[in-house]
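Student: What follows is a structure written as structure tokens; I'll ask about it next.
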Amino acid sequence: MILMWTITLRGAQPPSSTRKGGIMGFNVSVRQVDAVTLVTITGSVMWAEAEALHEMFRDLLAKGQKRILLNLSSVKHLDSSGIGALAWAYVTVRKAGGELKMVHLSKQVQYLMEVTSLYKIFEDFSDEESALDSFQ
């Protein structure tokens, strides 16, 4: 199962989040691998995109998907709102009794995880197979 979440920015208007559409700097694809939900984020994660991520995580948890793996290899830019969204997601998933882990951190994300000390709470992996096995 693959779901697409795309956000389209239009001038100064708030973003509109849809499940299909063109890619305008931010895209999220979601697929199931056994009992793990693999979320691949592409592009920049700033204020508007962080709001879309909040919506997506609430939706996943409402559907009982509590084992989540984030692939951040194609995240090109992450600002403080994006970092906040990741921290919020971690806390929210943990409070729901789930696990949130990361795989393939881009260089920028890896740097920011170190600077903010978030690497201390997030388990991260260099390859998808190891990351998926860690949920067993």
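Labels used: A, B, ... for chains in the order of the structure tokens, numbers from 1 for residues in each chain, and numbers from 1 for ligands as shown.
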Would you give me, as a PyMOL selection string, the residues in chain A that DSSP reads as helix (DSSP H, G or I)?
Tutor: chain A and resi 47-62+80-95+107-115+118-120+128-133
Student: Excluding Glu51 (chain A) and residues on its chain fewer than 5 positions from it, collect all residues at most 9 Å away from it, counting only C-alpha atoms, and give them as a PDB file with C-alpha atoms, in the first residue's frame.
Tutor:
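part.pdb, written as the output of this step:
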ATOM      1  CA  PRO A  15      -0.734  25.164   2.321  1.00  0.00           C
ATOM      2  CA  MET A  46       9.694  24.202   7.132  1.00  0.00           C
ATOM      3  CA  MET A  56      -0.033  12.808   8.657  1.00  0.00           C
ATOM      4  CA  SER A  81       9.754  24.150  12.534  1.00  0.00           C
ATOM      5  CA  ALA A  85       7.825  18.559  13.915  1.00  0.00           C
TER       6      ALA A  85
END
Student: When you look at Ser106 (chain A) with a cut-off of 9 Å (counting only C-alpha atoms), what residues show up, excluding the ones that are within fewer than 3 positions of it in the same chain? I need them as a ChimeraX atom specification.
Tutor: /A:72-76,109-111
Student: Would you put the residues from that selection into a file with C-alpha atoms, as a short mmCIF file (atom, residue, chain, number, x, y, z; two decimals), in the first residue's frame?
Tutor:
data_model
loop_
_atom_site.label_atom_id
_atom_site.label_comp_id
_atom_site.auth_asym_id
_atom_site.auth_seq_id
_atom_site.Cartn_x
_atom_site.Cartn_y
_atom_site.Cartn_z
CA LEU A 72 15.09 11.33 5.44
CA SER A 73 17.71 10.77 2.73
CA SER A 74 16.09 13.31 0.39
CA VAL A 75 15.40 16.08 2.90
CA LYS A 76 17.24 19.08 1.47
CA VAL A 109 19.55 16.31 8.93
CA GLN A 110 22.41 14.39 10.53
CA TYR A 111 24.18 17.67 11.36
#
Student: Env of region 36-39 of chain A: 7 Å cut, atoms = only C-alpha atoms, seq-sep filter 4 positions within chain, self excluded. Answer as a PDB file with C-alpha atoms, in the first residue's frame.
Tutor:
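Okay, this is what ended up in around_9.pdb:
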ATOM      1  CA  VAL A  28       5.798  12.354   1.604  1.00  0.00           C
ATOM      2  CA  SER A  29       5.153   8.783   0.545  1.00  0.00           C
ATOM      3  CA  VAL A  30       3.899   6.181   2.990  1.00  0.00           C
ATOM      4  CA  ARG A  31       4.058   2.421   2.526  1.00  0.00           C
ATOM      5  CA  GLN A  32       3.683  -0.645   4.722  1.00  0.00           C
ATOM      6  CA  GLN A  65       0.095   2.462  12.740  1.00  0.00           C
ATOM      7  CA  ARG A  67       5.764   1.387  14.225  1.00  0.00           C
ATOM      8  CA  ILE A  68       7.074   4.158  12.021  1.00  0.00           C
ATOM      9  CA  LEU A  69      10.356   4.441  10.136  1.00  0.00           C
ATOM     10  CA  LEU A  70      11.292   7.823   8.636  1.00  0.00           C
ATOM     11  CA  ASN A  71      13.524   7.866   5.546  1.00  0.00           C
TER      12      ASN A  71
END
Student: DSSP on the backbone: what in region 32-79 of chain A comes out strand (DSSP E or B), as a list in words?
Tutor: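 Written out, the strand (DSSP E or B) residues of region 32-79 of chain A are Gln32, Val33, Val36, Thr37, Leu38, Val39, Thr40, Ile41, Thr42, Gly43, Ser44, Val45, Arg67, Ile68, Leu69, Leu70, Asn71, Leu72, Ser73, Ser74, Val75, Lys76, His77 and Leu78 of chain A.
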Student: For a quick check of understanding, using only C-alpha atoms, which of A:Tyr119, A:Trp47, A:Phe125, A:Phe57 has the smallest distance to Met102 (chain A)?
Tutor: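 Checking each of A:Tyr119, A:Trp47, A:Phe125, A:Phe57 against Met102 (chain A), counting only C-alpha atoms, the winner is A:Phe125.
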Student: So which residues touch region 90-96 of chain A within 10 Å, counting only C-alpha atoms, skipping near sequence neighbours fewer than 3 positions away, as a ChimeraX atom specification?
Tutor: /A:54,57-58,60-62,64-68,84-87,99-101,121-122
Student: Expressed in Å to a single decimal, how great is the separation between CA of Thr42 (chain A) and CA of Leu78 (chain A)?
Tutor: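 Going from CA of Thr42 (chain A) over to CA of Leu78 (chain A), I get 10.9 Å.
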Student: From the options A:Glu55, A:Lys63, A:His77, A:Phe26, which residue's atoms come nearest to Gln108 (chain A), counting only C-alpha atoms?
Tutor: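 Using only C-alpha atoms, the shortest distance to Gln108 (chain A) belongs to A:His77.
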Student: For CA of Ala131 (chain A) and CA of Val103 (chain A), determine how far apart the two atoms are, in Å to one decimal place.
Tutor: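 For CA of Ala131 (chain A) relative to CA of Val103 (chain A), the distance reads 6.6 Å.
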Student: May I ask for the distance between CA of Leu132 (chain A) and CA of Val33 (chain A), given in Å to one decimal place?
Tutor: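 Computing it gives 8.1 Å between the two atoms.
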